[in-house]
$ cat entry_19.csv   # CSV, C-alpha atoms
chain,number,residue,atom,x,y,z
A,159,MET,CA,-8.2,-15.0,-19.3
A,160,ASN,CA,-6.3,-14.4,-16.0
A,161,PHE,CA,-2.6,-14.3,-15.6
A,162,ILE,CA,-0.5,-14.5,-12.5
A,163,LEU,CA,3.1,-13.4,-12.9
A,164,ALA,CA,5.2,-14.7,-10.0
A,165,HIS,CA,8.7,-13.5,-9.7
A,166,VAL,CA,11.4,-13.3,-7.1
A,167,GLY,CA,12.2,-9.7,-6.0
A,168,THR,CA,10.5,-6.4,-6.7
A,169,LEU,CA,10.4,-4.1,-9.7
A,170,LYS,CA,12.7,-1.5,-8.2
A,171,GLU,CA,12.9,1.1,-10.9
A,172,ALA,CA,9.8,3.4,-11.2
A,173,TYR,CA,10.0,3.3,-15.0
A,174,PHE,CA,9.7,-0.5,-15.1
A,175,ARG,CA,6.8,-0.4,-12.6
A,176,GLU,CA,5.1,2.2,-14.8
A,177,ALA,CA,5.6,0.2,-18.0
A,178,PHE,CA,4.4,-3.0,-16.3
A,179,ALA,CA,1.3,-1.1,-15.0
A,180,GLU,CA,0.6,0.1,-18.5
A,181,TYR,CA,0.5,-3.5,-19.8
A,182,GLN,CA,-1.6,-4.6,-16.9
A,183,LYS,CA,-4.1,-1.9,-17.9
A,184,ARG,CA,-4.0,-2.9,-21.6
A,185,ILE,CA,-4.5,-6.6,-20.6
A,186,SER,CA,-7.6,-5.7,-18.6
A,187,ALA,CA,-9.5,-5.5,-21.9
A,188,PHE,CA,-9.0,-9.3,-22.1
A,189,GLY,CA,-8.6,-10.4,-18.5
A,190,THR,CA,-6.3,-9.7,-15.6
A,191,LEU,CA,-2.6,-9.7,-14.9
A,192,GLU,CA,-1.8,-10.1,-11.2
A,193,GLU,CA,1.8,-9.7,-10.0
A,194,VAL,CA,3.0,-11.9,-7.1
A,195,VAL,CA,6.3,-10.9,-5.7
A,196,LEU,CA,8.2,-13.6,-3.8
A,197,LYS,CA,10.9,-12.6,-1.4
A,198,PRO,CA,14.4,-13.5,-2.4
A,199,ALA,CA,16.3,-15.7,-0.1
A,200,LYS,CA,18.5,-13.7,2.3
A,201,THR,CA,22.1,-13.8,1.1
A,202,GLY,CA,24.0,-11.3,3.2
A,203,THR,CA,26.9,-9.6,1.6
A,204,GLY,CA,29.7,-10.9,-0.5
A,205,GLU,CA,30.1,-13.8,-2.9
A,206,LEU,CA,28.1,-16.9,-2.1
A,207,SER,CA,29.5,-20.4,-2.4
A,208,GLU,CA,27.7,-23.0,-4.6
A,209,GLU,CA,26.3,-24.6,-1.5
A,210,GLU,CA,24.9,-21.3,-0.2
A,211,LYS,CA,23.4,-20.6,-3.6
A,212,SER,CA,21.8,-24.0,-3.6
A,213,VAL,CA,20.2,-23.3,-0.1
A,214,CYS,CA,18.8,-20.0,-1.4
A,215,LEU,CA,17.4,-21.7,-4.5
A,216,GLU,CA,15.7,-24.3,-2.3
A,217,LYS,CA,14.2,-21.6,-0.1
A,218,GLU,CA,12.8,-19.8,-3.2
A,219,SER,CA,11.6,-23.1,-4.5
A,220,GLU,CA,9.5,-23.6,-1.4
A,221,GLU,CA,7.8,-20.3,-2.0
A,222,PHE,CA,7.0,-21.2,-5.6
A,223,GLN,CA,5.7,-24.5,-4.6
A,224,LYS,CA,3.5,-23.0,-1.9
A,225,LEU,CA,2.0,-20.6,-4.6
A,226,LEU,CA,1.5,-23.3,-7.1
A,227,SER,CA,-0.4,-25.5,-4.6
A,228,SER,CA,-2.7,-22.6,-3.6
A,229,PRO,CA,-6.3,-22.8,-4.7
A,230,LYS,CA,-6.0,-20.0,-7.3
A,231,CYS,CA,-3.0,-21.8,-9.0
A,232,ALA,CA,-3.5,-25.5,-8.5
A,233,ARG,CA,-5.6,-26.0,-11.6
A,234,ALA,CA,-3.9,-23.3,-13.7
A,235,TYR,CA,-1.7,-23.8,-16.7
A,236,LYS,CA,1.8,-23.2,-15.4
A,237,ILE,CA,4.7,-21.8,-17.4
A,238,ALA,CA,8.3,-21.7,-16.2
A,239,LEU,CA,10.4,-19.0,-17.8
A,240,CYS,CA,13.9,-20.5,-18.1
A,241,ILE,CA,16.8,-20.3,-20.4
A,242,GLU,CA,16.6,-23.9,-21.4
A,243,GLY,CA,12.9,-23.6,-22.3
A,244,ARG,CA,11.4,-23.7,-25.8
A,245,GLU,CA,11.5,-20.4,-27.7
A,246,LYS,CA,8.2,-19.4,-29.3
A,247,SER,CA,7.0,-16.7,-31.7
A,248,SER,CA,4.3,-14.3,-30.6
A,249,GLU,CA,1.8,-16.2,-32.7
A,250,GLU,CA,2.9,-19.5,-31.1
A,251,LEU,CA,2.4,-18.0,-27.6
A,252,ALA,CA,-1.0,-16.9,-28.7
A,253,GLY,CA,-1.7,-20.5,-29.8
A,254,VAL,CA,-0.6,-21.8,-26.3
A,255,LEU,CA,-3.1,-19.3,-24.7
A,256,GLU,CA,-5.8,-20.4,-27.1
A,257,GLU,CA,-5.2,-24.0,-26.2
A,258,CYS,CA,-5.4,-23.2,-22.5
A,259,LYS,CA,-8.7,-21.5,-23.1
A,260,ASN,CA,-10.0,-24.4,-25.2
A,261,THR,CA,-9.1,-26.9,-22.5
A,262,GLY,CA,-10.8,-25.0,-19.7
A,263,LYS,CA,-7.7,-23.4,-18.2
A,264,SER,CA,-8.8,-19.8,-17.5
A,265,THR,CA,-5.7,-19.0,-15.4
A,266,VAL,CA,-2.1,-19.1,-16.6
A,267,VAL,CA,0.7,-18.8,-14.0
A,268,LEU,CA,4.1,-17.6,-15.2
A,269,LEU,CA,7.1,-18.1,-13.0
A,270,VAL,CA,10.3,-16.2,-13.2
A,271,GLY,CA,13.2,-17.3,-10.9
A,272,GLY,CA,15.6,-15.2,-8.9
A,273,SER,CA,19.3,-14.6,-9.3
A,274,TRP,CA,20.1,-18.2,-9.4
A,275,GLY,CA,17.3,-19.3,-11.6
A,276,MET,CA,14.6,-21.8,-10.7
A,277,SER,CA,14.9,-25.2,-9.1
A,278,GLU,CA,14.3,-28.3,-11.2
A,279,LYS,CA,11.5,-29.2,-8.7
A,280,VAL,CA,9.5,-26.1,-9.6
A,281,LYS,CA,10.1,-26.5,-13.4
A,282,ALA,CA,8.9,-30.1,-13.1
A,283,LEU,CA,5.5,-28.8,-11.8
A,284,CYS,CA,5.0,-26.7,-14.9
A,285,ASP,CA,3.2,-27.5,-18.1
A,286,LEU,CA,5.6,-25.6,-20.3
A,287,ARG,CA,9.2,-24.3,-20.1
A,288,LEU,CA,9.4,-21.2,-22.1
A,289,SER,CA,12.5,-19.2,-23.1
A,290,PHE,CA,12.6,-15.7,-24.6
A,291,SER,CA,16.2,-16.0,-25.5
A,292,ARG,CA,19.5,-17.7,-24.5
A,293,MET,CA,20.5,-14.2,-23.2
A,294,THR,CA,20.1,-13.1,-19.6
A,295,PHE,CA,17.8,-10.1,-18.9
A,296,ALA,CA,17.4,-7.9,-15.8
A,297,HIS,CA,14.3,-9.3,-13.9
A,298,SER,CA,12.5,-5.9,-14.0
A,299,LEU,CA,13.0,-5.5,-17.7
A,300,PHE,CA,12.0,-9.1,-18.3
A,301,SER,CA,8.7,-8.7,-16.4
A,302,VAL,CA,7.8,-5.8,-18.7
A,303,MET,CA,8.8,-7.8,-21.8
A,304,LEU,CA,6.7,-10.7,-20.6
A,305,ALA,CA,3.7,-8.5,-19.9
A,306,GLU,CA,4.1,-7.0,-23.4
A,307,GLN,CA,4.1,-10.4,-25.0
A,308,LEU,CA,1.0,-11.5,-23.1
A,309,TYR,CA,-0.7,-8.4,-24.4
A,310,ARG,CA,0.5,-9.0,-27.9
A,311,ALA,CA,-0.7,-12.7,-27.8
A,312,LEU,CA,-4.1,-11.6,-26.5
A,313,SER,CA,-4.3,-9.0,-29.2
A,314,ILE,CA,-3.5,-11.6,-31.9
A,315,LEU,CA,-6.3,-13.8,-30.5
A,316,ALA,CA,-8.7,-10.9,-30.6
A,317,GLY,CA,-7.6,-9.9,-34.1
A,318,THR,CA,-6.7,-6.3,-33.1
A,319,LYS,CA,-4.2,-4.2,-35.0
A,320,TYR,CA,-1.5,-4.2,-32.2
A,321,HIS,CA,0.4,-7.1,-33.7
A,322,LYS,CA,1.5,-6.5,-37.2
$ encode --input "entry_19.csv" --output "structure tokens"
Amino acid sequence: MNFILAHVGTLKEAYFREAFAEYQKRISAFGTLEEVVLKPAKTGTGELSEEEKSVCLEKESEEFQKLLSSPKCARAYKIALCIEGREKSSEELAGVLEECKNTGKSTVVLLVGGSWGMSEKVKALCDLRLSFSRMTFAHSLFSVMLAEQLYRALSILAGTKYHK
């Protein structure tokens, strides 16, 4: 199975990049995990008005939409990671991946928005809205958590000992 994790902004801290790379390596036993970094909208300095935030969100939305319409993503199963999404256990996530595989979807695209979230337009293009929690996480940390859960779900499907 192939995964594309698209998120706004880079993984700045070396320890998060290293942890993400470790899970990429582990996932390689089952498929691939490609990271696609989308540029955050330019914000300048200082506090933004709601209108300015809306403009930034729209610019980031255009980048997500461009990615989703690309040949490698157009036929993929798309998951928006958002706070209002459905929470799933690791086993339930494994079930989603199994269903993707059974229906011929060999690629899963996971979308993580920027500081202002993700536009409703982008969420509407997705097959599933998934939430890890109602809490907010740093984007770098969340990318590592997501990669770990993908590895865990794949391990569940493979029947390995990683998931207890």
$ atom_distance --input "entry_19.csv" --atom1 "CA of Lys197 (chain A)" --atom2 "CA of Glu218 (chain A)"
7.7 Å
$ atom_distance --input "entry_19.csv" --atom1 "CA of Glu180 (chain A)" --atom2 "CA of Glu257 (chain A)"
26.0 Å
$ atom_distance --input "entry_19.csv" --atom1 "CA of Leu215 (chain A)" --atom2 "CA of Trp274 (chain A)"
6.6 Å
$ closest_atom_pairs --input "entry_19.csv" --of "region 177-232 of chain A" --to "region 304-318 of chain A" --cutoff "8 Å" --atoms "only C-alpha atoms" --output "tab-separated table"
residue	atom	partner	partner_atom	distance
A:Phe178	CA	A:Ala305	CA	6.6
A:Tyr181	CA	A:Ala305	CA	5.9
A:Gln182	CA	A:Ala305	CA	7.2
A:Arg184	CA	A:Tyr309	CA	7.0
A:Ile185	CA	A:Tyr309	CA	5.7
A:Phe188	CA	A:Leu312	CA	7.0
$ closest_residue --input "entry_19.csv" --among "A:Lys211, A:His165, A:Lys170, A:Lys246" --to "Glu193 (chain A)" --atoms "all atoms listed in the file"
A:His165
$ residues_near_point --input "entry_19.csv" --point "(12.5, -2.1, -15.4)" --cutoff "9 Å" --atoms "only C-alpha atoms" --output "VMD selection string"
chain A and resid 169 to 178 296 to 302
$ residues_near_point --input "entry_19.csv" --point "(7.7, -13.0, -2.8)" --cutoff "12 Å" --atoms "all atoms listed in the file" --output "list in words"
Leu163, Ala164, His165, Val166, Gly167, Thr168, Leu169, Glu193, Val194, Val195, Leu196, Lys197, Pro198, Ala199, Lys200, Lys217, Glu218, Ser219, Glu220, Glu221, Phe222, Gln223, Lys224, Leu225, Leu269, Val270, Gly271 and Gly272 of chain A
$ residues_around --input "entry_19.csv" --residues "Tyr235 (chain A)" --least-positions-apart "3" --cutoff "10 Å" --atoms "all atoms listed in the file" --output "ChimeraX atom specification"
/A:161,231-232,254-255,258-259,261-268,284-286
$ closest_residue --input "entry_19.csv" --among "A:Ala238, A:Ala187, A:His321, A:Glu192" --to "Lys279 (chain A)" --atoms "all atoms listed in the file"
A:Ala238
$ residues_around --input "entry_19.csv" --residues "Ile241 (chain A)" --least-positions-apart "2" --cutoff "7 Å" --atoms "all atoms listed in the file" --output "PyMOL selection string"
chain A and resi 243+289+291-292
$ write_last_selection --input "entry_19.csv" --atoms "C-alpha atoms" --output "short mmCIF file (atom, residue, chain, number, x, y, z; two decimals), in the coordinates of the input"
data_model
loop_
_atom_site.label_atom_id
_atom_site.label_comp_id
_atom_site.auth_asym_id
_atom_site.auth_seq_id
_atom_site.Cartn_x
_atom_site.Cartn_y
_atom_site.Cartn_z
CA GLY A 243 12.90 -23.60 -22.30
CA SER A 289 12.50 -19.20 -23.10
CA SER A 291 16.20 -16.00 -25.50
CA ARG A 292 19.50 -17.70 -24.50
#
$ build_atoms --input "entry_19.csv" --residues "region 244-266 of chain A" --atoms "N, CA and C atoms" --output "JSON list (two decimals), in the frame of the given file"
[["chain", "number", "residue", "atom", "x", "y", "z"],
["A", 244, "ARG", "N", 11.65, -23.77, -24.36],
["A", 244, "ARG", "CA", 11.40, -23.70, -25.80],
["A", 244, "ARG", "C", 11.13, -22.22, -26.16],
["A", 245, "GLU", "N", 11.75, -21.75, -27.23],
["A", 245, "GLU", "CA", 11.50, -20.40, -27.70],
["A", 245, "GLU", "C", 10.21, -20.51, -28.60],
["A", 246, "LYS", "N", 9.37, -19.50, -28.53],
["A", 246, "LYS", "CA", 8.20, -19.40, -29.30],
["A", 246, "LYS", "C", 7.99, -18.05, -29.91],
["A", 247, "SER", "N", 7.38, -18.00, -31.06],
["A", 247, "SER", "CA", 7.00, -16.70, -31.70],
["A", 247, "SER", "C", 5.82, -16.15, -30.91],
["A", 248, "SER", "N", 5.50, -14.90, -31.17],
["A", 248, "SER", "CA", 4.30, -14.30, -30.60],
["A", 248, "SER", "C", 3.06, -15.06, -30.97],
["A", 249, "GLU", "N", 3.00, -15.47, -32.23],
["A", 249, "GLU", "CA", 1.80, -16.20, -32.70],
["A", 249, "GLU", "C", 1.75, -17.59, -32.03],
["A", 250, "GLU", "N", 2.89, -18.22, -31.80],
["A", 250, "GLU", "CA", 2.90, -19.50, -31.10],
["A", 250, "GLU", "C", 2.47, -19.37, -29.66],
["A", 251, "LEU", "N", 2.89, -18.28, -29.01],
["A", 251, "LEU", "CA", 2.40, -18.00, -27.60],
["A", 251, "LEU", "C", 0.94, -17.82, -27.63],
["A", 252, "ALA", "N", 0.42, -17.09, -28.60],
["A", 252, "ALA", "CA", -1.00, -16.90, -28.70],
["A", 252, "ALA", "C", -1.72, -18.27, -28.84],
["A", 253, "GLY", "N", -1.11, -19.17, -29.60],
["A", 253, "GLY", "CA", -1.70, -20.50, -29.80],
["A", 253, "GLY", "C", -1.68, -21.29, -28.45],
["A", 254, "VAL", "N", -0.65, -21.13, -27.64],
["A", 254, "VAL", "CA", -0.60, -21.80, -26.30],
["A", 254, "VAL", "C", -1.78, -21.25, -25.47],
["A", 255, "LEU", "N", -1.98, -19.93, -25.48],
["A", 255, "LEU", "CA", -3.10, -19.30, -24.70],
["A", 255, "LEU", "C", -4.43, -19.79, -25.20],
["A", 256, "GLU", "N", -4.57, -19.88, -26.52],
["A", 256, "GLU", "CA", -5.80, -20.40, -27.10],
["A", 256, "GLU", "C", -6.10, -21.81, -26.67],
["A", 257, "GLU", "N", -5.07, -22.63, -26.68],
["A", 257, "GLU", "CA", -5.20, -24.00, -26.20],
["A", 257, "GLU", "C", -5.61, -24.09, -24.78],
["A", 258, "CYS", "N", -5.02, -23.24, -23.95],
["A", 258, "CYS", "CA", -5.40, -23.20, -22.50],
["A", 258, "CYS", "C", -6.90, -22.90, -22.41],
["A", 259, "LYS", "N", -7.35, -21.89, -23.14],
["A", 259, "LYS", "CA", -8.70, -21.50, -23.10],
["A", 259, "LYS", "C", -9.64, -22.65, -23.56],
["A", 260, "ASN", "N", -9.24, -23.32, -24.63],
["A", 260, "ASN", "CA", -10.00, -24.40, -25.20],
["A", 260, "ASN", "C", -10.11, -25.63, -24.29],
["A", 261, "THR", "N", -9.13, -25.78, -23.41],
["A", 261, "THR", "CA", -9.10, -26.90, -22.50],
["A", 261, "THR", "C", -9.60, -26.56, -21.10],
["A", 262, "GLY", "N", -10.20, -25.37, -20.97],
["A", 262, "GLY", "CA", -10.80, -25.00, -19.70],
["A", 262, "GLY", "C", -9.85, -24.38, -18.68],
["A", 263, "LYS", "N", -8.65, -24.04, -19.10],
["A", 263, "LYS", "CA", -7.70, -23.40, -18.20],
["A", 263, "LYS", "C", -7.83, -21.90, -18.33],
["A", 264, "SER", "N", -8.54, -21.27, -17.42],
["A", 264, "SER", "CA", -8.80, -19.80, -17.50],
["A", 264, "SER", "C", -7.68, -19.01, -16.85],
["A", 265, "THR", "N", -6.80, -19.69, -16.11],
["A", 265, "THR", "CA", -5.70, -19.00, -15.40],
["A", 265, "THR", "C", -4.37, -19.58, -15.92],
["A", 266, "VAL", "N", -3.44, -18.68, -16.19],
["A", 266, "VAL", "CA", -2.10, -19.10, -16.60],
["A", 266, "VAL", "C", -1.14, -18.45, -15.56]]
